[in-house]
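Heads up, data39.csv below (CSV, C-alpha atoms and all ligand atoms):
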```
chain,number,residue,atom,x,y,z
A,255,MET,CA,77.0,158.3,69.2
A,256,GLY,CA,79.0,158.0,66.1
A,257,SER,CA,79.9,161.3,64.4
A,258,GLY,CA,76.4,162.7,64.5
A,259,SER,CA,74.1,163.8,67.3
A,260,MET,CA,72.4,161.4,69.7
A,261,ASN,CA,69.0,162.2,68.3
A,262,GLN,CA,69.2,160.3,65.0
A,263,PRO,CA,67.4,157.0,65.1
A,264,ALA,CA,69.1,154.3,63.2
A,265,GLY,CA,66.2,152.0,62.4
A,266,HIS,CA,65.5,150.5,65.9
A,267,SER,CA,63.9,147.4,64.5
A,268,ARG,CA,62.7,144.5,66.6
A,269,SER,CA,63.8,140.9,66.4
A,270,ALA,CA,66.4,141.3,63.7
A,271,ILE,CA,68.3,138.3,65.2
A,272,ALA,CA,67.0,134.9,64.3
A,273,VAL,CA,65.6,133.6,67.5
A,274,PRO,CA,64.8,129.9,68.1
A,275,THR,CA,61.3,128.9,67.3
A,276,VAL,CA,61.3,126.7,70.4
A,277,SER,CA,62.1,129.1,73.2
A,278,GLU,CA,63.7,126.7,75.6
A,279,THR,CA,66.9,125.6,74.0
A,280,ALA,CA,70.2,123.9,74.7
A,281,SER,CA,72.0,125.6,71.8
A,282,VAL,CA,71.0,128.9,70.4
A,283,ASP,CA,70.8,130.0,66.8
A,284,THR,CA,72.0,133.6,66.8
A,285,GLY,CA,72.2,133.8,63.1
A,286,THR,CA,76.0,133.6,63.0
A,287,LYS,CA,75.9,130.6,60.8
A,288,GLY,CA,73.8,132.2,58.2
A,289,GLU,CA,70.7,130.1,58.9
A,290,SER,CA,68.2,132.9,59.2
A,291,GLY,CA,65.8,131.4,56.6
A,292,THR,CA,64.8,134.9,55.5
A,293,GLY,CA,67.4,134.9,52.8
A,294,SER,CA,69.5,137.5,54.4
A,295,THR,CA,72.6,136.3,56.4
A,296,ARG,CA,72.7,138.6,59.4
A,297,THR,CA,75.6,138.5,61.7
A,298,PRO,CA,75.0,140.1,65.1
A,299,TYR,CA,77.3,143.1,65.7
A,300,LEU,CA,78.7,141.5,68.8
A,301,CYS,CA,78.4,137.8,69.6
A,302,GLY,CA,79.9,135.5,72.2
A,303,ASP,CA,79.3,132.2,70.5
A,304,SER,CA,79.3,129.0,72.5
A,305,MET,CA,81.5,130.4,75.3
A,306,THR,CA,82.9,127.9,77.7
A,307,GLY,CA,85.3,128.9,80.5
A,308,GLY,CA,85.9,130.1,84.0
A,309,TYR,CA,88.4,131.8,86.3
A,310,GLY,CA,92.0,130.6,86.4
A,311,SER,CA,92.2,126.9,86.5
A,312,GLY,CA,88.8,126.6,88.3
A,313,ALA,CA,85.7,124.9,87.0
A,314,ASP,CA,83.9,126.2,84.0
A,315,ILE,CA,81.4,128.9,84.9
A,316,LEU,CA,80.1,129.4,81.3
A,317,ARG,CA,79.0,126.3,79.5
A,318,ASP,CA,78.4,126.7,75.8
A,319,CYS,CA,76.9,130.1,76.5
A,320,THR,CA,75.9,132.3,73.6
A,321,VAL,CA,74.9,136.0,73.8
A,322,ALA,CA,74.7,138.5,71.0
A,323,VAL,CA,73.4,141.9,70.1
A,324,GLU,CA,72.6,143.5,66.7
A,325,LYS,CA,73.5,147.0,65.6
A,326,GLY,CA,71.4,149.6,67.3
A,327,GLU,CA,69.5,147.0,69.3
A,328,ILE,CA,69.1,146.3,73.0
A,329,ALA,CA,69.9,142.8,74.3
A,330,VAL,CA,69.3,141.9,77.9
A,331,ILE,CA,70.7,139.1,80.0
A,332,VAL,CA,68.8,138.0,83.1
A,333,GLY,CA,69.0,135.1,85.5
A,334,PRO,CA,69.5,134.2,89.1
A,335,ASN,CA,72.4,135.4,91.2
A,336,GLY,CA,75.5,133.4,90.4
A,337,ALA,CA,74.2,132.3,87.0
A,338,GLY,CA,77.3,133.7,85.2
A,339,LYS,CA,75.8,136.9,83.8
A,340,SER,CA,78.8,139.0,84.8
A,341,THR,CA,81.1,136.2,83.8
A,342,ALA,CA,79.5,136.2,80.3
A,343,MET,CA,80.2,140.0,80.0
A,344,LYS,CA,83.8,139.5,81.0
A,345,GLY,CA,84.1,136.7,78.4
A,346,LEU,CA,82.9,139.1,75.7
A,347,PHE,CA,85.2,141.8,76.9
A,348,GLY,CA,88.3,139.7,77.0
A,349,MET,CA,88.7,139.4,80.8
A,350,LEU,CA,88.3,135.6,80.8
A,351,ASN,CA,90.3,132.9,79.2
A,352,LEU,CA,87.7,131.0,77.1
A,353,ARG,CA,88.4,127.3,76.7
A,354,LYS,CA,86.0,127.1,73.9
A,355,GLY,CA,83.9,129.5,71.8
A,356,THR,CA,84.4,132.6,69.7
A,357,VAL,CA,83.8,136.3,70.2
A,358,TRP,CA,82.8,138.1,67.1
A,359,LEU,CA,82.7,141.9,66.6
A,360,ASP,CA,81.4,143.2,63.3
A,361,GLY,CA,82.3,140.0,61.6
A,362,GLU,CA,85.8,139.8,63.0
A,363,ASP,CA,87.1,137.1,65.4
A,364,ILE,CA,88.3,139.1,68.4
A,365,THR,CA,88.6,136.1,70.8
A,366,SER,CA,92.3,136.7,71.4
A,367,LEU,CA,92.3,140.5,71.7
A,368,SER,CA,93.0,142.2,75.0
A,369,PRO,CA,90.2,144.4,76.6
A,370,GLN,CA,92.2,147.5,75.6
A,371,ALA,CA,92.3,146.4,72.0
A,372,ARG,CA,88.5,145.8,72.1
A,373,VAL,CA,88.0,149.3,73.4
A,374,ALA,CA,89.9,150.6,70.4
A,375,LYS,CA,87.6,148.5,68.2
A,376,GLY,CA,84.5,150.2,69.6
A,377,MET,CA,83.5,148.2,72.7
A,378,ALA,CA,82.8,149.9,76.0
A,379,PHE,CA,82.1,148.0,79.2
A,380,VAL,CA,80.6,149.4,82.4
A,381,PRO,CA,81.3,146.7,85.0
A,382,GLN,CA,79.0,145.9,88.0
A,383,THR,CA,81.3,147.5,90.6
A,384,SER,CA,84.0,150.1,90.9
A,385,ASN,CA,82.9,151.7,87.6
A,386,ILE,CA,83.8,155.3,88.4
A,387,PHE,CA,86.8,157.1,90.0
A,388,THR,CA,85.2,158.4,93.2
A,389,THR,CA,87.9,160.8,94.1
A,390,MET,CA,87.9,162.6,90.7
A,391,THR,CA,85.3,165.1,89.6
A,392,VAL,CA,82.5,164.2,87.2
A,393,GLU,CA,84.3,166.0,84.4
A,394,GLU,CA,87.6,164.3,85.1
A,395,ASN,CA,85.8,160.9,85.0
A,396,LEU,CA,84.5,161.8,81.6
A,397,GLU,CA,87.9,162.9,80.4
A,398,MET,CA,89.3,159.6,81.5
A,399,GLY,CA,86.8,157.9,79.3
A,400,ALA,CA,88.3,159.8,76.3
A,401,PHE,CA,91.9,158.9,77.0
A,402,LEU,CA,92.2,157.0,73.8
A,403,ARG,CA,90.7,159.8,71.7
A,404,HIS,CA,92.8,162.2,69.7
A,405,GLU,CA,90.1,164.8,68.8
A,406,GLY,CA,86.5,165.7,69.3
A,407,MET,CA,86.4,165.1,73.1
A,408,GLU,CA,84.6,168.4,73.8
A,409,GLN,CA,81.8,167.6,71.3
A,410,THR,CA,81.3,164.2,72.8
A,411,MET,CA,81.2,165.6,76.3
A,412,GLU,CA,78.5,168.0,75.2
A,413,GLN,CA,76.5,165.0,74.0
A,414,VAL,CA,76.9,163.3,77.3
A,415,TYR,CA,75.9,166.4,79.1
A,416,SER,CA,72.8,166.8,77.0
A,417,LEU,CA,71.9,163.2,77.6
A,418,PHE,CA,72.5,163.5,81.4
A,419,PRO,CA,72.0,167.3,82.2
A,420,VAL,CA,72.6,166.7,86.0
A,421,LEU,CA,76.2,165.8,85.2
A,422,ARG,CA,76.8,169.2,83.7
A,423,ASP,CA,75.5,170.8,86.9
A,424,ARG,CA,77.7,168.5,89.0
A,425,ARG,CA,80.8,168.5,86.7
A,426,ARG,CA,83.1,170.1,89.3
A,427,GLN,CA,81.9,167.8,92.1
A,428,LYS,CA,83.7,164.6,93.2
A,429,ALA,CA,81.9,161.6,91.6
A,430,GLY,CA,82.0,159.9,95.0
A,431,GLU,CA,79.7,162.6,96.4
A,432,LEU,CA,76.9,161.8,94.0
A,433,SER,CA,73.8,159.7,94.5
A,434,GLY,CA,73.7,156.1,93.2
A,435,GLY,CA,71.7,157.0,90.1
A,436,GLN,CA,74.0,159.9,89.3
A,437,ARG,CA,77.1,157.7,89.7
A,438,GLN,CA,75.6,155.3,87.2
A,439,GLN,CA,75.2,158.2,84.8
A,440,VAL,CA,78.9,159.1,85.3
A,441,ALA,CA,79.8,155.5,84.5
A,442,LEU,CA,77.6,155.4,81.4
A,443,GLY,CA,78.8,158.8,80.3
A,444,ARG,CA,82.4,157.8,80.7
A,445,ALA,CA,81.8,154.7,78.6
A,446,LEU,CA,80.1,156.9,75.9
A,447,MET,CA,83.2,159.2,75.8
A,448,THR,CA,85.0,156.5,73.8
A,449,GLU,CA,82.3,156.8,71.2
A,450,PRO,CA,81.6,153.1,71.3
A,451,GLN,CA,79.7,151.0,68.7
A,452,VAL,CA,78.6,148.6,71.5
A,453,LEU,CA,77.9,149.5,75.1
A,454,MET,CA,78.0,146.7,77.7
A,455,LEU,CA,76.3,147.5,81.0
A,456,ASP,CA,76.4,145.2,84.0
A,457,GLU,CA,73.5,146.1,86.3
A,458,ALA,CA,73.4,149.7,85.5
A,459,THR,CA,70.2,150.2,87.5
A,460,ALA,CA,71.3,148.3,90.7
A,461,GLY,CA,70.3,150.0,93.9
A,462,VAL,CA,68.5,153.0,92.3
A,463,SER,CA,64.8,154.1,92.9
A,464,PRO,CA,62.1,153.0,90.4
A,465,ILE,CA,61.9,156.6,89.0
A,466,VAL,CA,65.7,156.8,88.5
A,467,MET,CA,65.6,153.3,86.9
A,468,ASP,CA,62.9,154.3,84.4
A,469,GLU,CA,65.0,157.4,83.7
A,470,LEU,CA,68.1,155.4,83.0
A,471,PHE,CA,66.3,152.9,80.8
A,472,ALA,CA,64.8,155.8,78.8
A,473,ARG,CA,68.3,157.1,78.2
A,474,ILE,CA,69.5,153.7,77.2
A,475,VAL,CA,66.8,153.5,74.6
A,476,GLU,CA,67.9,156.8,73.2
A,477,ILE,CA,71.5,155.6,73.1
A,478,ALA,CA,70.5,152.5,71.1
A,479,ALA,CA,68.4,154.7,68.8
A,480,THR,CA,71.6,156.4,67.7
A,481,GLY,CA,72.9,153.1,66.3
A,482,ILE,CA,74.9,151.9,69.3
A,483,SER,CA,74.3,148.3,70.3
A,484,VAL,CA,73.5,147.8,74.0
A,485,LEU,CA,74.1,144.6,75.8
A,486,MET,CA,73.1,144.7,79.4
A,487,VAL,CA,72.8,142.5,82.5
A,488,GLU,CA,69.8,143.4,84.6
A,489,GLN,CA,68.3,142.4,88.0
A,490,ASN,CA,65.3,144.6,87.2
A,491,ALA,CA,64.4,142.0,84.7
A,492,LYS,CA,60.8,142.8,83.8
A,493,GLN,CA,61.5,146.5,83.2
A,494,ALA,CA,64.7,145.7,81.2
A,495,LEU,CA,63.0,143.0,79.1
A,496,ALA,CA,60.3,145.6,78.3
A,497,ILE,CA,62.9,147.6,76.3
A,498,ALA,CA,64.8,144.6,75.0
A,499,ASP,CA,64.8,143.5,71.4
A,500,LEU,CA,66.3,140.2,72.5
A,501,GLY,CA,66.5,138.6,75.9
A,502,TYR,CA,68.6,135.8,77.4
A,503,VAL,CA,67.8,133.9,80.5
A,504,LEU,CA,71.1,132.3,81.8
A,505,VAL,CA,71.1,129.5,84.4
A,506,GLN,CA,74.3,127.9,85.7
A,507,GLY,CA,76.3,129.3,82.9
A,508,ARG,CA,74.0,128.0,80.2
A,509,ASN,CA,71.4,129.5,77.9
A,510,ARG,CA,68.0,128.6,79.3
A,511,PHE,CA,65.6,130.8,77.3
A,512,THR,CA,66.3,133.1,74.4
A,513,ASP,CA,63.6,135.1,72.7
A,514,THR,CA,62.4,138.7,72.1
A,515,GLY,CA,61.9,140.7,75.3
A,516,GLU,CA,58.2,140.7,74.7
A,517,ALA,CA,58.0,136.9,74.2
A,518,LEU,CA,60.0,136.2,77.4
A,519,LEU,CA,57.7,138.5,79.4
A,520,ALA,CA,54.7,136.6,78.1
A,521,ASN,CA,56.2,133.2,78.7
A,522,PRO,CA,54.6,131.7,81.9
A,523,ASP,CA,57.6,129.5,82.6
A,524,VAL,CA,60.0,132.4,82.4
A,525,ARG,CA,57.6,134.6,84.5
A,526,SER,CA,57.1,132.1,87.3
A,527,SER,CA,60.8,131.0,87.5
A,528,PHE,CA,62.7,134.2,86.8
A,529,LEU,CA,60.4,137.2,86.9
A,530,GLY,CA,58.7,136.7,90.2
A,531,GLY,CA,55.4,135.6,88.6
B,1,LIG,N1,86.7,136.5,90.1
B,1,LIG,C1,86.1,135.3,90.3
B,1,LIG,N2,86.9,134.2,90.6
B,1,LIG,C2,86.3,133.0,90.8
B,1,LIG,N3,85.0,132.7,90.7
B,1,LIG,C3,84.2,133.8,90.4
B,1,LIG,C4,84.7,135.1,90.2
B,1,LIG,N4,83.7,135.9,89.9
B,1,LIG,C5,82.6,135.1,89.9
B,1,LIG,N5,82.9,133.9,90.2
B,1,LIG,C6,82.0,132.7,90.3
B,1,LIG,O1,81.3,132.6,89.0
B,1,LIG,C7,80.0,132.2,89.2
B,1,LIG,C8,79.1,133.2,88.4
B,1,LIG,O2,79.3,134.5,89.0
B,1,LIG,P1,78.8,135.8,88.2
B,1,LIG,O3,79.2,135.8,86.8
B,1,LIG,O4,79.3,137.0,89.0
B,1,LIG,O5,77.2,135.6,88.4
B,1,LIG,P2,76.0,136.7,88.2
B,1,LIG,O6,76.6,137.9,87.6
B,1,LIG,O7,75.0,136.0,87.3
B,1,LIG,O8,75.4,136.9,89.5
B,1,LIG,C9,79.7,132.2,90.7
B,1,LIG,O9,79.7,130.9,91.1
B,1,LIG,C10,80.8,133.0,91.3
B,1,LIG,O10,81.1,132.6,92.6
B,2,MG,MG,76.7,139.9,88.2
```
Spell out the structure here as structure tokens.
Ligand SMILES: Nc1ncnc2c1ncn2[C@@H]1O[C@H](COP(=O)(O)OP(=O)(O)O)[C@@H](O)[C@H]1O
Ligand SMILES: [Mg+2]
Amino acid sequence: MGSGSMNQPAGHSRSAIAVPTVSETASVDTGTKGESGTGSTRTPYLCGDSMTGGYGSGADILRDCTVAVEKGEIAVIVGPNGAGKSTAMKGLFGMLNLRKGTVWLDGEDITSLSPQARVAKGMAFVPQTSNIFTTMTVEENLEMGAFLRHEGMEQTMEQVYSLFPVLRDRRRQKAGELSGGQRQQVALGRALMTEPQVLMLDEATAGVSPIVMDELFARIVEIAATGISVLMVEQNAKQALAIADLGYVLVQGRNRFTDTGEALLANPDVRSSFLGG
């Protein structure tokens, strides 16, 4: 949301990341090494580069996994259950000890920063579960999102309420009393209260009706158009890839396909194996 309103598009261009010419890849060129071939060296705004690691001393879940998102773009991670999508998000957010790999934010190596320090640097993460305080009101949830802020909370809250008008109507209600779609709006709104530069969403449309899903995706497109980078994991893969600048198919902790959302949707192998035909 930056300092302006949520209605100022920031050049929502497609395919700004160098994507591999061969879509099925073992290693992925995200442009981090300045090999874009167009003469410009673009660095993705957020990039988990070649992440390898797992939980505690257990086996590696992520294996040389790379995911990235450009400024103001939407990147979508899809793949089967257990593929490591949520684990990749945790890796990016500093909730996993990576054995190998680097996390870059705006050109800075943030691999060793705590999640809190990453929030202070402009990252917001809406995890897959337990992403709201159910016993608090909607407005208290939004206030919690702004706990790191010193000023301007009211203005940001206004922006969240104009993005999600139903939250204004329900602001005195306990978040736990809301519908699934409304709870996801609370979680998203709470993340936006930190005025992030990058918004990470793990299955934000899980369990909502198709109409509510379309509505959420439309709001996510608006958010990206203000210049915020959006990286999301989605089970509603076709619909999510339809709004994605870049899509990643992860399988067993590895990159399987990386391409524009459009190209992945058109790829017969991706369709038959991962998008239900
Ligand atoms: N907290 C955890 N501790 C140990 N293993 C985990 C934990 N969370 C997930 N896993 C394992 O990591 C693998 C990938 O899980 P996850 O990242 O949640 O997949 P996805 O989000 O793609 O469904 C699975 O084998 C899962 O059992
Ligand atoms: Mg998951």
Original post:
Contacts of Ala378 (chain A) at 7 Å or less, counting only C-alpha atoms, minus same-chain residues fewer than 6 places along, as a list in words?
Top reply: Ala445, Pro450, Val452, Leu453 and Met454 of chain A
Selected residues written out with C-alpha atoms, as an mmCIF file, in the coordinates of the input:
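Once everything was written out, this is selection-v4.cif:
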```cif
data_model
loop_
_atom_site.group_PDB
_atom_site.id
_atom_site.type_symbol
_atom_site.label_atom_id
_atom_site.label_comp_id
_atom_site.auth_asym_id
_atom_site.auth_seq_id
_atom_site.Cartn_x
_atom_site.Cartn_y
_atom_site.Cartn_z
ATOM 1 C CA ALA A 445 81.800 154.700 78.600
ATOM 2 C CA PRO A 450 81.600 153.100 71.300
ATOM 3 C CA VAL A 452 78.600 148.600 71.500
ATOM 4 C CA LEU A 453 77.900 149.500 75.100
ATOM 5 C CA MET A 454 78.000 146.700 77.700
#
```
Give me, as CSV, each residue of region 311-391 of chain A that comes within 6 Å of region 486-492 of chain A, together with its shortest interatomic pair and the distance in Å at one decimal, counting all atoms listed in the file, with rows ordered by chain and rising residue number.
```
residue,atom,partner,partner_atom,distance
A:Val330,CA,A:Met486,CA,5.0
A:Ile331,CA,A:Val487,CA,4.7
A:Val332,CA,A:Glu488,CA,5.7
```
Mind dumping the selected residues with C-alpha atoms as a PDB file, in the coordinates of the input?
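The resulting file, result-v5.pdb, is reproduced below:
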```
ATOM      1  CA  VAL A 330      69.300 141.900  77.900  1.00  0.00           C
ATOM      2  CA  ILE A 331      70.700 139.100  80.000  1.00  0.00           C
ATOM      3  CA  VAL A 332      68.800 138.000  83.100  1.00  0.00           C
TER       4      VAL A 332
END
```
Original post:
Within 10 Å of ligand MG 2 (chain B), counting all atoms listed in the file: which residues, as a PyMOL selection string?
Top reply: chain A and resi 332-343+381-383+456-457+487-489
Original post:
Between A:Gln506, A:Ser463, A:Thr388, A:Thr514, which is the closest to Asp314 (chain A) once you count only C-alpha atoms?
Top reply: A:Gln506
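Counting only C-alpha atoms, the residue from A:Met407, A:Val462, A:Val524, A:Leu455 that sits nearest to Leu504 (chain A) is A:Val524.
Proximity ranking of A:Arg353, A:Met390, A:Ser366, A:Asp360 relative to Ile315 (chain A) places A:Arg353 first, based on all atoms listed in the file.
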Original post:
At what distance in Å, to one decimal, does CA of Gln427 (chain A) lie from CA of Phe379 (chain A)?
Top reply: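 If I compute the distance from CA of Phe379 (chain A) to CA of Gln427 (chain A), I get 23.6 Å.
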Original post:
Mind pulling up the distance from CA of Glu393 (chain A) to CA of Met349 (chain A)?
Top reply: 27.2 Å
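Residue nearest ligand LIG 1 (chain B) within the list A:Arg437, A:Lys375, A:Arg317, A:Lys428: A:Arg317 [criterion: smallest interatomic distance, only C-alpha atoms and all ligand atoms].
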Original post:
Between A:Pro464, A:Gly515, A:Gly507, A:Pro419, which is the closest to Leu316 (chain A) once you count only C-alpha atoms?
Top reply: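 That would be A:Gly507, the residue with the smallest distance to Leu316 (chain A).
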Using the atoms already present, construct N, CA and C atoms for region 475-509 of chain A and hand them back as a PDB file, keeping the file's coordinate frame.
```pdb
ATOM      1  N   VAL A 475      67.503 153.593  75.865  1.00  0.00           N
ATOM      2  CA  VAL A 475      66.800 153.500  74.600  1.00  0.00           C
ATOM      3  C   VAL A 475      67.213 154.543  73.621  1.00  0.00           C
ATOM      4  N   GLU A 476      67.429 155.751  74.115  1.00  0.00           N
ATOM      5  CA  GLU A 476      67.900 156.800  73.200  1.00  0.00           C
ATOM      6  C   GLU A 476      69.291 156.517  72.669  1.00  0.00           C
ATOM      7  N   ILE A 477      70.139 155.954  73.516  1.00  0.00           N
ATOM      8  CA  ILE A 477      71.500 155.600  73.100  1.00  0.00           C
ATOM      9  C   ILE A 477      71.429 154.573  71.954  1.00  0.00           C
ATOM     10  N   ALA A 478      70.594 153.556  72.141  1.00  0.00           N
ATOM     11  CA  ALA A 478      70.500 152.500  71.100  1.00  0.00           C
ATOM     12  C   ALA A 478      69.910 153.091  69.817  1.00  0.00           C
ATOM     13  N   ALA A 479      69.008 154.062  69.957  1.00  0.00           N
ATOM     14  CA  ALA A 479      68.400 154.700  68.800  1.00  0.00           C
ATOM     15  C   ALA A 479      69.392 155.419  67.912  1.00  0.00           C
ATOM     16  N   THR A 480      70.555 155.741  68.469  1.00  0.00           N
ATOM     17  CA  THR A 480      71.600 156.400  67.700  1.00  0.00           C
ATOM     18  C   THR A 480      72.424 155.379  66.884  1.00  0.00           C
ATOM     19  N   GLY A 481      72.130 154.089  67.075  1.00  0.00           N
ATOM     20  CA  GLY A 481      72.900 153.100  66.300  1.00  0.00           C
ATOM     21  C   GLY A 481      73.849 152.273  67.160  1.00  0.00           C
ATOM     22  N   ILE A 482      73.966 152.629  68.441  1.00  0.00           N
ATOM     23  CA  ILE A 482      74.900 151.900  69.300  1.00  0.00           C
ATOM     24  C   ILE A 482      74.157 150.616  69.798  1.00  0.00           C
ATOM     25  N   SER A 483      74.871 149.508  69.757  1.00  0.00           N
ATOM     26  CA  SER A 483      74.300 148.300  70.300  1.00  0.00           C
ATOM     27  C   SER A 483      74.488 148.266  71.803  1.00  0.00           C
ATOM     28  N   VAL A 484      73.443 147.870  72.511  1.00  0.00           N
ATOM     29  CA  VAL A 484      73.500 147.800  74.000  1.00  0.00           C
ATOM     30  C   VAL A 484      73.267 146.416  74.454  1.00  0.00           C
ATOM     31  N   LEU A 485      74.223 145.901  75.199  1.00  0.00           N
ATOM     32  CA  LEU A 485      74.100 144.600  75.800  1.00  0.00           C
ATOM     33  C   LEU A 485      74.126 144.789  77.312  1.00  0.00           C
ATOM     34  N   MET A 486      73.036 144.431  78.012  1.00  0.00           N
ATOM     35  CA  MET A 486      73.100 144.700  79.400  1.00  0.00           C
ATOM     36  C   MET A 486      72.557 143.532  80.282  1.00  0.00           C
ATOM     37  N   VAL A 487      73.200 143.416  81.430  1.00  0.00           N
ATOM     38  CA  VAL A 487      72.800 142.500  82.500  1.00  0.00           C
ATOM     39  C   VAL A 487      71.876 143.254  83.404  1.00  0.00           C
ATOM     40  N   GLU A 488      70.734 142.673  83.775  1.00  0.00           N
ATOM     41  CA  GLU A 488      69.800 143.400  84.600  1.00  0.00           C
ATOM     42  C   GLU A 488      69.152 142.535  85.705  1.00  0.00           C
ATOM     43  N   GLN A 489      69.126 143.043  86.930  1.00  0.00           N
ATOM     44  CA  GLN A 489      68.300 142.400  88.000  1.00  0.00           C
ATOM     45  C   GLN A 489      66.874 142.903  87.883  1.00  0.00           C
ATOM     46  N   ASN A 490      66.690 144.142  87.413  1.00  0.00           N
ATOM     47  CA  ASN A 490      65.300 144.600  87.200  1.00  0.00           C
ATOM     48  C   ASN A 490      64.838 144.050  85.868  1.00  0.00           C
ATOM     49  N   ALA A 491      64.557 142.738  85.945  1.00  0.00           N
ATOM     50  CA  ALA A 491      64.400 142.000  84.700  1.00  0.00           C
ATOM     51  C   ALA A 491      63.172 142.341  83.905  1.00  0.00           C
ATOM     52  N   LYS A 492      62.035 142.504  84.577  1.00  0.00           N
ATOM     53  CA  LYS A 492      60.800 142.800  83.800  1.00  0.00           C
ATOM     54  C   LYS A 492      60.940 144.124  83.072  1.00  0.00           C
ATOM     55  N   GLN A 493      61.428 145.144  83.795  1.00  0.00           N
ATOM     56  CA  GLN A 493      61.500 146.500  83.200  1.00  0.00           C
ATOM     57  C   GLN A 493      62.548 146.449  82.048  1.00  0.00           C
ATOM     58  N   ALA A 494      63.625 145.698  82.239  1.00  0.00           N
ATOM     59  CA  ALA A 494      64.700 145.700  81.200  1.00  0.00           C
ATOM     60  C   ALA A 494      64.164 144.892  79.976  1.00  0.00           C
ATOM     61  N   LEU A 495      63.453 143.775  80.204  1.00  0.00           N
ATOM     62  CA  LEU A 495      63.000 143.000  79.100  1.00  0.00           C
ATOM     63  C   LEU A 495      61.929 143.806  78.269  1.00  0.00           C
ATOM     64  N   ALA A 496      61.262 144.739  78.961  1.00  0.00           N
ATOM     65  CA  ALA A 496      60.300 145.600  78.300  1.00  0.00           C
ATOM     66  C   ALA A 496      60.903 146.456  77.204  1.00  0.00           C
ATOM     67  N   ILE A 497      62.196 146.757  77.342  1.00  0.00           N
ATOM     68  CA  ILE A 497      62.900 147.600  76.300  1.00  0.00           C
ATOM     69  C   ILE A 497      63.827 146.748  75.468  1.00  0.00           C
ATOM     70  N   ALA A 498      63.822 145.425  75.673  1.00  0.00           N
ATOM     71  CA  ALA A 498      64.800 144.600  75.000  1.00  0.00           C
ATOM     72  C   ALA A 498      64.294 144.083  73.644  1.00  0.00           C
ATOM     73  N   ASP A 499      65.133 144.178  72.628  1.00  0.00           N
ATOM     74  CA  ASP A 499      64.800 143.500  71.400  1.00  0.00           C
ATOM     75  C   ASP A 499      64.980 142.012  71.550  1.00  0.00           C
ATOM     76  N   LEU A 500      66.030 141.628  72.278  1.00  0.00           N
ATOM     77  CA  LEU A 500      66.300 140.200  72.500  1.00  0.00           C
ATOM     78  C   LEU A 500      66.666 140.010  73.967  1.00  0.00           C
ATOM     79  N   GLY A 501      66.168 138.921  74.551  1.00  0.00           N
ATOM     80  CA  GLY A 501      66.500 138.600  75.900  1.00  0.00           C
ATOM     81  C   GLY A 501      67.058 137.243  76.101  1.00  0.00           C
ATOM     82  N   TYR A 502      67.959 137.123  77.056  1.00  0.00           N
ATOM     83  CA  TYR A 502      68.600 135.800  77.400  1.00  0.00           C
ATOM     84  C   TYR A 502      68.337 135.529  78.836  1.00  0.00           C
ATOM     85  N   VAL A 503      67.865 134.332  79.132  1.00  0.00           N
ATOM     86  CA  VAL A 503      67.800 133.900  80.500  1.00  0.00           C
ATOM     87  C   VAL A 503      68.984 132.869  80.664  1.00  0.00           C
ATOM     88  N   LEU A 504      69.937 133.200  81.546  1.00  0.00           N
ATOM     89  CA  LEU A 504      71.100 132.300  81.800  1.00  0.00           C
ATOM     90  C   LEU A 504      70.830 131.599  83.144  1.00  0.00           C
ATOM     91  N   VAL A 505      71.135 130.308  83.190  1.00  0.00           N
ATOM     92  CA  VAL A 505      71.100 129.500  84.400  1.00  0.00           C
ATOM     93  C   VAL A 505      72.319 128.644  84.461  1.00  0.00           C
ATOM     94  N   GLN A 506      73.060 128.727  85.550  1.00  0.00           N
ATOM     95  CA  GLN A 506      74.300 127.900  85.700  1.00  0.00           C
ATOM     96  C   GLN A 506      75.172 127.950  84.485  1.00  0.00           C
ATOM     97  N   GLY A 507      75.360 129.141  83.985  1.00  0.00           N
ATOM     98  CA  GLY A 507      76.300 129.300  82.900  1.00  0.00           C
ATOM     99  C   GLY A 507      75.820 128.883  81.524  1.00  0.00           C
ATOM    100  N   ARG A 508      74.542 128.480  81.461  1.00  0.00           N
ATOM    101  CA  ARG A 508      74.000 128.000  80.200  1.00  0.00           C
ATOM    102  C   ARG A 508      72.824 128.879  79.750  1.00  0.00           C
ATOM    103  N   ASN A 509      72.571 128.893  78.437  1.00  0.00           N
ATOM    104  CA  ASN A 509      71.400 129.500  77.900  1.00  0.00           C
ATOM    105  C   ASN A 509      70.163 128.676  78.310  1.00  0.00           C
TER     106      ASN A 509
END
```
